[in-house]
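S.K.: Input input.txt, format and content: compact mmCIF, C-alpha atoms.
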```
# COMPACT_ATOMS: atom_id res chain seq x y z
CA MET A 13 -13.71 -139.09 47.33
CA LYS A 14 -17.21 -138.93 45.90
CA ARG A 15 -16.35 -141.61 43.35
CA ASP A 16 -14.99 -143.85 46.19
CA ILE A 17 -18.23 -143.47 48.11
CA GLU A 18 -20.27 -144.28 45.00
CA ASP A 19 -18.18 -147.40 44.44
CA LEU A 20 -18.55 -148.40 48.07
CA GLY A 21 -22.30 -147.73 47.83
CA ARG A 22 -22.64 -149.95 44.81
CA ARG A 23 -20.72 -152.76 46.51
CA ILE A 24 -22.81 -152.56 49.68
CA GLU A 25 -26.08 -152.47 47.68
CA GLN A 26 -24.94 -155.59 45.84
CA LEU A 27 -24.00 -157.35 49.09
CA LEU A 28 -27.32 -156.49 50.70
CA ALA A 29 -29.21 -157.74 47.62
CA GLN A 30 -27.46 -161.18 47.57
CA PRO A 31 -30.01 -163.93 48.61
CA GLU A 32 -27.29 -166.12 50.29
CA TYR A 33 -26.58 -163.31 52.87
CA GLN A 34 -30.28 -162.84 53.56
CA ASP A 35 -30.04 -164.49 56.97
CA HIS A 36 -26.48 -163.49 57.82
CA PRO A 37 -26.32 -161.85 61.29
CA LEU A 38 -24.21 -158.91 59.99
CA ARG A 39 -26.55 -158.10 57.11
CA GLY A 40 -29.07 -156.18 59.28
CA ALA A 41 -26.29 -154.22 60.98
CA LEU A 42 -24.63 -153.28 57.66
CA ASP A 43 -27.97 -152.15 56.28
CA GLU A 44 -28.51 -149.89 59.30
CA VAL A 45 -24.97 -148.50 59.29
CA TRP A 46 -25.25 -147.74 55.55
CA ARG A 47 -28.55 -145.86 55.95
CA ALA A 48 -27.15 -143.89 58.91
CA PHE A 49 -24.12 -142.99 56.79
CA LEU A 50 -26.30 -141.76 53.89
CA ASP A 51 -28.37 -139.74 56.32
CA GLN A 52 -25.28 -138.09 57.81
CA THR A 53 -23.90 -137.30 54.36
CA THR A 54 -27.12 -135.57 53.32
CA ARG A 55 -27.14 -133.62 56.59
CA LEU A 56 -23.50 -132.58 56.10
CA ASP A 57 -24.29 -131.34 52.57
CA ARG A 58 -27.17 -129.26 53.85
CA VAL A 59 -25.12 -127.77 56.69
CA THR A 60 -22.31 -126.93 54.27
CA HIS A 61 -24.75 -125.32 51.86
CA ILE A 62 -26.35 -123.18 54.57
CA SER A 63 -22.95 -122.24 55.96
CA ASP A 64 -21.74 -121.23 52.52
CA GLY A 65 -24.81 -119.07 52.16
CA TYR A 66 -23.96 -117.24 55.37
CA GLN A 67 -20.38 -116.86 54.32
CA THR A 68 -21.38 -115.34 50.98
CA LEU A 69 -23.70 -112.97 52.75
CA VAL A 70 -20.97 -111.83 55.14
CA LYS A 71 -18.50 -111.51 52.29
CA GLU A 72 -20.92 -109.39 50.28
CA ARG A 73 -21.54 -107.20 53.27
CA GLU A 74 -17.82 -106.83 53.81
CA ASN A 75 -17.29 -105.86 50.17
CA ASP A 76 -20.12 -103.37 50.40
CA LEU A 77 -18.70 -101.89 53.62
CA ASP A 78 -15.25 -101.73 52.10
CA GLU A 79 -16.59 -99.96 49.04
CA ARG A 80 -18.45 -97.48 51.20
CA PHE A 81 -15.39 -97.01 53.39
CA GLN A 82 -13.18 -96.33 50.35
CA LYS A 83 -15.76 -93.88 49.02
CA GLN A 84 -15.91 -92.04 52.35
CA LEU A 85 -12.13 -91.99 52.49
CA ARG A 86 -11.90 -90.45 49.02
CA LYS A 87 -14.52 -87.91 50.02
CA LEU A 88 -12.64 -87.06 53.20
CA GLU A 89 -9.41 -86.62 51.29
CA LYS A 90 -11.14 -84.33 48.83
CA LEU A 91 -12.75 -82.40 51.67
CA ALA A 92 -9.38 -81.91 53.40
CA ARG A 93 -7.75 -80.83 50.14
CA ILE A 94 -10.44 -78.27 49.32
CA SER A 95 -10.60 -77.03 52.89
CA ASP A 96 -6.82 -76.55 53.02
CA HIS A 97 -7.04 -74.65 49.76
CA TYR A 98 -9.66 -72.31 51.25
CA GLN A 99 -7.48 -71.83 54.30
CA ARG A 100 -4.49 -70.88 52.16
CA MET A 101 -6.68 -68.43 50.29
CA MET A 102 -7.79 -66.92 53.61
CA GLN A 103 -4.21 -66.63 54.85
CA ASP A 104 -3.10 -64.92 51.65
CA LEU A 105 -6.03 -62.52 51.97
CA ASN A 106 -5.02 -61.81 55.56
CA VAL A 107 -1.47 -61.01 54.49
CA ALA A 108 -2.77 -58.71 51.74
CA LEU A 109 -5.12 -57.00 54.18
CA SER A 110 -2.46 -56.59 56.83
CA ASP A 111 -0.12 -55.22 54.22
CA ALA A 112 -2.77 -52.79 52.99
CA SER A 113 -3.54 -51.61 56.52
CA ASN A 114 0.13 -50.93 57.32
CA ARG A 115 1.28 -49.36 54.09
CA ASP A 116 0.94 -45.86 52.71
CA VAL A 117 -0.76 -46.21 49.34
CA LEU A 118 1.11 -43.39 47.60
CA THR A 119 4.71 -43.98 48.66
CA GLY A 120 4.53 -47.69 49.51
CA LEU A 121 6.23 -46.89 52.85
CA ALA A 122 4.95 -47.78 56.30
CA ASN A 123 1.90 -45.70 57.25
CA ARG A 124 1.26 -43.93 60.55
CA ARG A 125 -0.40 -47.02 62.06
CA HIS A 126 2.66 -49.14 61.26
CA LEU A 127 5.02 -46.48 62.61
CA MET A 128 3.08 -46.24 65.87
CA HIS A 129 3.14 -50.00 66.26
CA ARG A 130 6.90 -49.98 65.76
CA LEU A 131 7.34 -47.06 68.22
CA LYS A 132 5.49 -49.06 70.84
CA GLU A 133 7.69 -52.08 70.19
CA GLU A 134 10.93 -50.11 70.21
CA SER A 135 9.96 -48.36 73.46
CA ARG A 136 9.36 -51.74 75.10
CA ARG A 137 12.67 -53.03 73.79
CA ALA A 138 14.53 -49.88 74.89
CA SER A 139 13.04 -50.14 78.39
CA ARG A 140 14.16 -53.77 78.59
CA SER A 141 17.64 -53.44 77.14
CA GLY A 142 18.44 -49.88 78.20
CA GLN A 143 19.48 -49.17 74.64
CA PRO A 144 17.62 -46.10 73.34
CA TYR A 145 16.34 -45.43 69.85
CA THR A 146 16.10 -42.14 68.01
CA ILE A 147 13.45 -40.80 65.71
CA ALA A 148 13.70 -38.17 63.02
CA MET A 149 10.74 -36.19 61.74
CA LEU A 150 11.29 -34.95 58.23
CA ASP A 151 9.09 -32.39 56.51
CA ILE A 152 9.40 -31.26 52.89
CA ASP A 153 9.95 -27.49 52.78
CA HIS A 154 7.34 -25.35 51.03
CA PHE A 155 5.38 -28.38 49.98
CA LYS A 156 2.19 -26.35 49.65
CA ARG A 157 3.94 -24.20 47.08
CA ILE A 158 4.77 -27.28 44.96
CA ASN A 159 1.16 -28.39 45.11
CA ASP A 160 -0.21 -24.92 44.38
CA THR A 161 2.09 -24.01 41.51
CA LEU A 162 2.79 -27.36 39.86
CA GLY A 163 -0.31 -29.30 40.78
CA HIS A 164 -1.01 -32.27 43.00
CA ALA A 165 0.52 -34.79 40.61
CA ALA A 166 3.89 -33.00 40.97
CA GLY A 167 3.39 -32.94 44.75
CA ASP A 168 2.71 -36.68 44.71
CA ARG A 169 5.83 -37.30 42.65
CA ALA A 170 7.91 -35.32 45.16
CA LEU A 171 6.49 -37.37 48.03
CA ILE A 172 7.29 -40.63 46.20
CA GLU A 173 10.79 -39.42 45.43
CA VAL A 174 11.53 -38.40 49.03
CA GLY A 175 10.11 -41.73 50.22
CA ARG A 176 12.42 -43.58 47.85
CA ILE A 177 15.47 -41.64 49.12
CA LEU A 178 14.54 -42.30 52.75
CA GLN A 179 14.04 -45.98 52.11
CA SER A 180 17.38 -46.40 50.36
CA SER A 181 19.31 -44.42 53.03
CA LEU A 182 18.27 -46.50 56.01
CA ARG A 183 19.80 -49.59 57.54
CA GLU A 184 17.95 -52.87 57.44
CA TYR A 185 16.53 -52.58 60.96
CA ASP A 186 15.53 -48.92 60.66
CA LEU A 187 12.02 -48.05 59.62
CA CYS A 188 10.78 -45.06 57.72
CA GLY A 189 7.21 -44.17 56.92
CA ARG A 190 4.81 -41.42 56.05
CA TRP A 191 3.52 -39.84 59.23
CA GLY A 192 0.99 -37.69 57.39
CA GLY A 193 0.85 -35.08 54.62
CA GLU A 194 4.42 -34.19 53.63
CA GLU A 195 5.81 -35.38 56.96
CA PHE A 196 7.96 -38.52 57.19
CA MET A 197 9.35 -40.38 60.19
CA MET A 198 12.50 -42.45 60.58
CA ILE A 199 12.86 -44.81 63.52
CA MET A 200 16.46 -45.82 64.20
CA PRO A 201 17.00 -48.41 66.93
CA GLY A 202 20.27 -48.38 68.87
CA THR A 203 21.31 -45.05 67.40
CA THR A 204 22.59 -41.92 69.19
CA LEU A 205 21.44 -38.39 68.36
CA VAL A 206 24.77 -37.70 66.69
CA SER A 207 24.69 -40.63 64.30
CA ALA A 208 21.01 -39.95 63.59
CA GLN A 209 22.02 -36.43 62.69
CA ALA A 210 24.71 -37.69 60.30
CA LEU A 211 22.22 -39.99 58.62
CA SER A 212 19.64 -37.20 58.34
CA GLN A 213 22.30 -34.98 56.85
CA ARG A 214 22.94 -37.54 54.11
CA VAL A 215 19.21 -37.86 53.46
CA CYS A 216 18.76 -34.08 53.19
CA THR A 217 21.67 -33.78 50.79
CA ARG A 218 20.28 -36.48 48.57
CA ILE A 219 16.86 -34.87 48.63
CA ARG A 220 18.37 -31.53 47.61
CA GLU A 221 20.39 -33.16 44.83
CA HIS A 222 18.00 -35.76 43.49
CA ALA A 223 14.43 -34.98 44.38
CA GLY A 224 14.01 -32.18 41.88
CA VAL A 225 10.54 -31.16 40.84
CA PRO A 226 10.44 -30.83 37.07
CA ASP A 227 9.57 -27.24 36.31
CA VAL A 228 9.21 -25.63 32.91
CA GLY A 229 12.49 -26.33 31.23
CA GLN A 230 14.53 -26.71 34.39
CA SER A 231 14.40 -28.67 37.58
CA GLN A 232 13.43 -26.84 40.75
CA SER A 233 15.15 -28.51 43.70
CA ILE A 234 13.39 -29.24 46.95
CA SER A 235 14.68 -29.36 50.51
CA ALA A 236 13.59 -30.76 53.83
CA SER A 237 13.75 -29.85 57.49
CA VAL A 238 14.39 -32.42 60.21
CA GLY A 239 13.82 -32.65 63.96
CA ILE A 240 15.48 -35.46 65.90
CA SER A 241 14.83 -36.81 69.39
CA ALA A 242 15.99 -39.80 71.43
CA TYR A 243 13.75 -42.03 73.51
CA ARG A 244 14.09 -41.40 77.24
CA HIS A 245 13.97 -44.41 79.45
CA GLY A 246 10.47 -44.96 80.86
CA GLU A 247 8.62 -42.32 78.87
CA HIS A 248 5.68 -42.90 76.53
CA TYR A 249 6.69 -42.86 72.87
CA SER A 250 4.29 -39.98 72.22
CA ASP A 251 6.61 -37.77 74.33
CA THR A 252 9.54 -38.75 72.10
CA VAL A 253 7.48 -37.91 69.02
CA GLU A 254 6.42 -34.62 70.56
CA ARG A 255 10.06 -33.60 71.14
CA ALA A 256 11.01 -34.51 67.56
CA ASP A 257 8.05 -32.45 66.38
CA ALA A 258 9.15 -29.48 68.48
CA ALA A 259 12.69 -29.79 67.07
CA LEU A 260 11.24 -29.89 63.55
CA LEU A 261 9.25 -26.74 64.28
CA GLU A 262 12.47 -25.08 65.48
CA ALA A 263 14.20 -26.13 62.22
CA LYS A 264 11.40 -24.48 60.26
CA ARG A 265 11.72 -21.39 62.40
CA ARG A 266 15.46 -21.22 61.70
CA GLY A 267 14.76 -20.82 58.02
CA ARG A 268 14.18 -24.45 56.91
CA ASP A 269 16.58 -26.83 55.10
CA CYS A 270 18.32 -27.70 58.37
CA ILE A 271 18.41 -30.28 61.15
CA VAL A 272 17.65 -29.58 64.82
CA LEU A 273 18.35 -31.99 67.67
CA SER A 274 16.03 -32.10 70.63
CA GLU A 275 17.98 -31.66 73.85
CA VAL A 276 18.77 -34.83 75.73
CA MET B 152 -44.41 -76.92 44.91
CA SER B 153 -42.51 -74.80 47.38
CA ASN B 154 -39.71 -72.29 47.11
CA LEU B 155 -36.74 -72.14 49.44
CA THR B 156 -35.65 -68.73 50.71
CA ILE B 157 -32.86 -68.20 53.21
CA THR B 158 -31.66 -64.65 53.79
CA GLY B 159 -27.91 -64.25 53.68
CA SER B 160 -25.71 -62.72 56.34
CA GLN B 161 -22.05 -61.93 56.69
CA SER B 162 -21.30 -65.53 57.54
CA THR B 163 -24.05 -67.33 55.60
CA PRO B 164 -24.88 -67.33 51.91
CA ALA B 165 -28.18 -66.08 50.50
CA ILE B 166 -30.00 -69.17 49.26
CA SER B 167 -33.05 -69.34 47.01
CA GLY B 168 -34.65 -72.37 45.45
CA ASP B 169 -37.13 -71.70 42.64
CA TRP B 170 -39.27 -74.82 42.46
CA ASP B 171 -41.03 -73.99 39.17
CA ALA B 172 -37.90 -72.88 37.35
CA GLY B 173 -35.77 -75.65 38.85
CA ILE B 174 -33.02 -73.27 39.88
CA LEU B 175 -31.15 -73.23 43.18
CA THR B 176 -28.97 -70.17 43.78
CA MET B 177 -26.39 -69.67 46.54
CA THR B 178 -24.50 -66.40 46.91
CA GLY B 179 -21.86 -65.19 49.35
CA ASP B 180 -19.52 -66.48 52.05
CA SER B 181 -20.32 -69.50 54.16
CA TYR B 182 -18.94 -70.05 57.64
CA PRO B 183 -22.15 -70.51 59.63
CA GLU B 184 -22.35 -71.19 63.34
CA ASN B 185 -24.38 -74.30 62.63
CA SER B 186 -23.88 -75.43 59.06
CA PHE B 187 -25.86 -78.61 59.71
CA ASP B 188 -29.04 -76.60 60.34
CA LEU B 189 -28.46 -74.37 57.35
CA PHE B 190 -27.55 -76.96 54.74
CA ASN B 191 -30.04 -79.57 55.89
CA GLN B 192 -32.75 -77.31 54.50
CA VAL B 193 -30.89 -77.15 51.21
CA ILE B 194 -30.29 -80.89 51.05
CA ASP B 195 -33.95 -81.56 51.90
CA TRP B 196 -35.11 -79.21 49.17
CA VAL B 197 -32.81 -80.78 46.55
CA GLU B 198 -33.83 -84.31 47.58
CA ARG B 199 -37.51 -83.40 47.36
CA PHE B 200 -37.06 -81.69 43.99
CA LEU B 201 -35.19 -84.66 42.53
CA ALA B 202 -37.81 -87.07 43.86
CA GLU B 203 -40.94 -85.15 42.89
CA ALA B 204 -40.21 -82.83 39.99
CA ARG B 205 -39.42 -84.36 36.66
CA ARG B 206 -37.76 -81.15 35.46
CA PRO B 207 -34.08 -80.32 35.08
CA LEU B 208 -32.38 -78.87 38.17
CA SER B 209 -29.71 -76.24 37.83
CA LEU B 210 -27.45 -74.86 40.58
CA GLU B 211 -26.20 -71.29 40.19
CA LEU B 212 -23.37 -70.79 42.68
CA HIS B 213 -21.73 -67.49 43.50
CA LEU B 214 -19.86 -68.73 46.55
CA LEU B 215 -16.66 -67.15 47.85
CA TYR B 216 -15.26 -68.44 51.14
CA LEU B 217 -16.46 -71.80 52.50
CA ASN B 218 -15.43 -73.30 55.83
CA THR B 219 -14.86 -77.05 56.13
CA SER B 220 -18.40 -78.03 57.10
CA SER B 221 -19.80 -75.94 54.25
CA VAL B 222 -17.43 -77.63 51.80
CA CYS B 223 -18.71 -80.95 53.14
CA ALA B 224 -22.35 -79.89 52.67
CA ILE B 225 -21.74 -78.73 49.09
CA MET B 226 -20.04 -82.06 48.34
CA ASP B 227 -23.13 -83.82 49.75
CA VAL B 228 -25.37 -81.80 47.44
CA PHE B 229 -23.13 -82.71 44.48
CA ASP B 230 -23.39 -86.39 45.51
CA LEU B 231 -27.18 -86.08 45.27
CA LEU B 232 -26.83 -84.53 41.81
CA GLU B 233 -24.42 -87.28 40.75
CA ASP B 234 -26.90 -89.98 41.79
CA ALA B 235 -29.74 -88.17 40.01
CA HIS B 236 -27.59 -87.80 36.91
CA GLY B 237 -26.85 -91.53 37.02
CA GLY B 238 -30.59 -92.14 37.18
CA GLY B 239 -31.19 -90.01 34.08
CA HIS B 240 -32.41 -86.84 35.78
CA PRO B 241 -30.96 -83.77 34.01
CA VAL B 242 -28.92 -81.71 36.49
CA SER B 243 -26.21 -79.07 36.07
CA VAL B 244 -24.00 -76.71 38.04
CA ASN B 245 -22.77 -73.25 37.05
CA TRP B 246 -20.09 -71.95 39.40
CA HIS B 247 -19.67 -68.20 38.85
CA TYR B 248 -16.59 -66.26 39.90
CA ASP B 249 -15.02 -62.83 39.60
CA LYS B 250 -12.15 -62.78 37.09
CA ARG B 251 -9.99 -60.96 39.64
CA ASN B 252 -10.25 -63.89 42.03
CA GLU B 253 -8.76 -66.81 40.13
CA ARG B 254 -8.47 -68.84 43.36
CA VAL B 255 -12.24 -69.35 43.41
CA ALA B 256 -12.03 -70.93 39.95
CA GLU B 257 -9.28 -73.29 41.16
CA LEU B 258 -11.48 -74.32 44.06
CA ALA B 259 -14.52 -74.86 41.83
CA GLU B 260 -12.25 -77.00 39.66
CA GLU B 261 -11.45 -79.18 42.67
CA PHE B 262 -15.15 -79.60 43.45
CA LYS B 263 -15.77 -80.53 39.83
CA GLU B 264 -13.41 -83.53 39.97
CA ASP B 265 -15.34 -86.81 39.81
CA CYS B 266 -18.60 -85.05 38.91
CA SER B 267 -19.89 -86.48 35.65
CA PHE B 268 -22.88 -84.14 35.25
CA PRO B 269 -22.50 -80.82 33.35
CA PHE B 270 -20.43 -78.49 35.55
CA ALA B 271 -19.40 -75.08 34.17
CA ILE B 272 -17.02 -72.61 35.84
CA VAL B 273 -18.01 -69.19 34.57
CA ALA B 274 -15.81 -66.08 34.75
CA HIS B 275 -17.36 -62.63 35.18
CA ASP B 276 -15.85 -59.18 34.87
```
Reformat the file's structure so that it appears as structure tokens.
M.R.:
Amino acid sequence: MKRDIEDLGRRIEQLLAQPEYQDHPLRGALDEVWRAFLDQTTRLDRVTHISDGYQTLVKERENDLDERFQKQLRKLEKLARISDHYQRMMQDLNVALSDASNRDVLTGLANRRHLMHRLKEESRRASRSGQPYTIAMLDIDHFKRINDTLGHAAGDRALIEVGRILQSSLREYDLCGRWGGEEFMMIMPGTTLVSAQALSQRVCTRIREHAGVPDVGQSQSISASVGISAYRHGEHYSDTVERADAALLEAKRRGRDCIVLSEV
Amino acid sequence: MSNLTITGSQSTPAISGDWDAGILTMTGDSYPENSFDLFNQVIDWVERFLAEARRPLSLELHLLYLNTSSVCAIMDVFDLLEDAHGGGHPVSVNWHYDKRNERVAELAEEFKEDCSFPFAIVAHD
């Protein structure tokens, strides 16, 4: 294209320079048209140049924006990743804390707080469904004697052992825990007094047979007393607990190592 | 020139900037009500130090829990350090953690990614 224009330019310059066309009527017009053409070409070049300049500027700005955008995006991704990680850490801590606040440190069973929470829940459920639950209060007989004669470590071992027996005797939806001292509680949803008694019987037998306290040379067996009560529709769970406690007291009064049912 | 002292609370870290020693220390949890207000002071101090002092700057971090806006602020501070490092200003970070809490080390490790200045994660008993 440029070569064509140069060729054309040369030809026109030659034509305009020829003396025989000096007075030709078209010579003046050609001269003017040619100058106007050159003028327009120069103008077009300048416009193109300026326009290119703008385009480069915009392009550079776009690249710069894109780079900054990508950088921000990476930063945001990193921020989300780290923040999620902190959140997971917090959740795990919460689980550990909740576990610690609901578990008895020595036996690993539910603690009194957990038991009370479950009593509240079971009472609500029993009121809704009409299906009662029973609770059994179990107390290790002569526990003070174990502590006093064999030391607290032996007492602790007995508590752990009884806890283990309780835990392994219950059904999946029952809950047992340490109510306090040497006193344990079993919560048995959807169970009658009679079947709770049978279960307690099994527990007491296992305690007598397996939860021996190692004495000098021989094993001194331990026993437990149990009081059982059933939730009465509409009452507060503390009344149910109170009746189980009273039944337990009666079991102690009857000479220990036995089970007493609270009257319905 | 001037030291930075921000008393810590349950939800904000204790922060101290020692201008002469070139040490910025942050200790504790960080989930402030207004993290912008809190960390702006820190960012200002770091910017001023990097602009005016020709001494090395070292960050000693004993941070535990950080909420999202605090994570963002710490990343901003690290960006400042990265730029300074690129410009030849000696900067470093020591992130201290309790050996029993390995998660904090993992998190520090994530912060450390794409930081080219010296960044140590230090275990303590």
S.K.: Please list as a PDB file with C-alpha atoms, keeping the file's coordinate frame every residue within 12 Å of Lys156 of chain A, counting only C-alpha atoms and excluding residues in the same chain fewer than 4 positions away.
M.R.:
```pdb
ATOM      1  CA  ASP A 151       9.090 -32.390  56.510  1.00  0.00           C
ATOM      2  CA  ILE A 152       9.400 -31.260  52.890  1.00  0.00           C
ATOM      3  CA  ASP A 160      -0.210 -24.920  44.380  1.00  0.00           C
ATOM      4  CA  THR A 161       2.090 -24.010  41.510  1.00  0.00           C
ATOM      5  CA  LEU A 162       2.790 -27.360  39.860  1.00  0.00           C
ATOM      6  CA  GLY A 163      -0.310 -29.300  40.780  1.00  0.00           C
ATOM      7  CA  HIS A 164      -1.010 -32.270  43.000  1.00  0.00           C
ATOM      8  CA  ALA A 166       3.890 -33.000  40.970  1.00  0.00           C
ATOM      9  CA  GLY A 167       3.390 -32.940  44.750  1.00  0.00           C
ATOM     10  CA  ASP A 168       2.710 -36.680  44.710  1.00  0.00           C
ATOM     11  CA  ALA A 170       7.910 -35.320  45.160  1.00  0.00           C
ATOM     12  CA  LEU A 171       6.490 -37.370  48.030  1.00  0.00           C
ATOM     13  CA  GLY A 193       0.850 -35.080  54.620  1.00  0.00           C
ATOM     14  CA  GLU A 194       4.420 -34.190  53.630  1.00  0.00           C
ATOM     15  CA  ILE A 234      13.390 -29.240  46.950  1.00  0.00           C
TER      16      ILE A 234
END
```
S.K.: Could you tell me which of A:Leu91, A:Leu56, A:Val45, A:Ala29 comes closest to chain B if we count all atoms listed in the file?
M.R.: A:Leu91
S.K.: Starting from chain B, keep only residues with some atom at most 12 Å from an atom of chain A, counting all atoms listed in the file, and report them as a PyMOL selection string.
M.R.: chain B and resi 180-182+214-227+229-230+252-265
S.K.: When you draw a straight line from atom CA of Thr163 of chain B to atom CA of Leu85 of chain A, how long is it in Å?
M.R.: 27.6 Å
S.K.: One decimal, Å: what's the distance from atom CA of Pro31 of chain A over to atom CA of Arg15 of chain A, could you say?
M.R.: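 Computing the Euclidean distance for atom CA of Pro31 of chain A and atom CA of Arg15 of chain A yields 26.7 Å.
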S.K.: Please write as number ranges by chain the list of polymer residues whose atoms come within 12 Å of (13.9, -53.7, 75.7), counting all atoms listed in the file and keeping to the coordinates of the file.
M.R.: A: 131-145, 201-202, 243, 245-246
S.K.: Box in all listed atoms of segment 187-205 of chain A, axis-aligned, with 6 Å more on each side; write out centre and edge lengths in Å to one decimal as AutoDock Vina command-line options.
M.R.:
```
--center_x 11.7 --center_y -41.3 --center_z 61.4 --size_x 33.7 --size_y 26.2 --size_z 27.6
```
S.K.: Quick one: distance from atom CA of Leu109 of chain A to atom CA of His248 of chain A in Å, one decimal?
M.R.: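 Computing it gives 28.5 Å between the two atoms.
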S.K.: Show me, as a count of residues only, the residues that have an atom within 10 Å of Arg205 of chain B when counting all atoms listed in the file, minus same-chain residues fewer than 6 positions from it.
M.R.: 3
S.K.: Excluding Ser212 of chain A and its own-chain neighbours fewer than 4 positions away, which residues fall within 12 Å of it when counting only C-alpha atoms? Please give them as an MDAnalysis selection string.
M.R.: chainID A and resid 146:151 177:178 181:182 188 196:200 205:208 216:219 236:240 269:273
S.K.: So which residues touch Glu211 of chain B within 8 Å, counting only C-alpha atoms, skipping near sequence neighbours fewer than 4 positions away, as a list of chain:residue names?
M.R.: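 Everything that qualifies: B:Ile174, B:Leu175, B:Thr176, B:Met177, B:Val244, B:Asn245, B:Trp246, B:His247.
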S.K.: Taking the block just given, write segment 108-150 of chain A to a file that holds C-alpha atoms, as an mmCIF file, in the first residue's frame.
M.R.:
```
data_model
loop_
_atom_site.group_PDB
_atom_site.id
_atom_site.type_symbol
_atom_site.label_atom_id
_atom_site.label_comp_id
_atom_site.auth_asym_id
_atom_site.auth_seq_id
_atom_site.Cartn_x
_atom_site.Cartn_y
_atom_site.Cartn_z
ATOM 1 C CA ALA A 108 -13.579 -30.480 74.073
ATOM 2 C CA LEU A 109 -14.954 -27.924 76.520
ATOM 3 C CA SER A 110 -18.481 -29.276 76.315
ATOM 4 C CA ASP A 111 -17.134 -32.763 76.808
ATOM 5 C CA ALA A 112 -15.094 -31.643 79.817
ATOM 6 C CA SER A 113 -18.075 -29.879 81.369
ATOM 7 C CA ASN A 114 -20.336 -32.927 81.023
ATOM 8 C CA ARG A 115 -17.955 -35.687 82.014
ATOM 9 C CA ASP A 116 -16.781 -36.944 85.370
ATOM 10 C CA VAL A 117 -12.998 -36.737 85.319
ATOM 11 C CA LEU A 118 -12.351 -39.873 87.377
ATOM 12 C CA THR A 119 -14.743 -42.397 85.854
ATOM 13 C CA GLY A 120 -15.213 -40.847 82.413
ATOM 14 C CA LEU A 121 -18.991 -41.194 82.895
ATOM 15 C CA ALA A 122 -21.560 -38.423 82.611
ATOM 16 C CA ASN A 123 -21.329 -35.980 85.525
ATOM 17 C CA ARG A 124 -24.185 -34.580 87.592
ATOM 18 C CA ARG A 125 -24.693 -31.655 85.195
ATOM 19 C CA HIS A 126 -25.069 -34.031 82.255
ATOM 20 C CA LEU A 127 -27.426 -36.292 84.204
ATOM 21 C CA MET A 128 -29.624 -33.346 85.182
ATOM 22 C CA HIS A 129 -29.770 -32.181 81.595
ATOM 23 C CA ARG A 130 -30.842 -35.650 80.510
ATOM 24 C CA LEU A 131 -33.452 -35.861 83.330
ATOM 25 C CA LYS A 132 -34.954 -32.621 82.100
ATOM 26 C CA GLU A 133 -35.067 -33.945 78.545
ATOM 27 C CA GLU A 134 -36.523 -37.309 79.513
ATOM 28 C CA SER A 135 -39.201 -35.638 81.657
ATOM 29 C CA ARG A 136 -40.239 -33.500 78.687
ATOM 30 C CA ARG A 137 -40.312 -36.536 76.436
ATOM 31 C CA ALA A 138 -42.265 -38.603 78.987
ATOM 32 C CA SER A 139 -44.831 -35.805 79.366
ATOM 33 C CA ARG A 140 -45.243 -35.671 75.592
ATOM 34 C CA SER A 141 -45.353 -39.377 74.826
ATOM 35 C CA GLY A 142 -46.873 -40.645 78.074
ATOM 36 C CA GLN A 143 -44.091 -43.204 78.244
ATOM 37 C CA PRO A 144 -42.346 -42.988 81.634
ATOM 38 C CA TYR A 145 -38.685 -43.476 82.432
ATOM 39 C CA THR A 146 -37.123 -44.949 85.541
ATOM 40 C CA ILE A 147 -34.031 -43.959 87.434
ATOM 41 C CA ALA A 148 -31.855 -46.021 89.721
ATOM 42 C CA MET A 149 -29.613 -44.529 92.380
ATOM 43 C CA LEU A 150 -26.714 -46.788 93.203
#
```
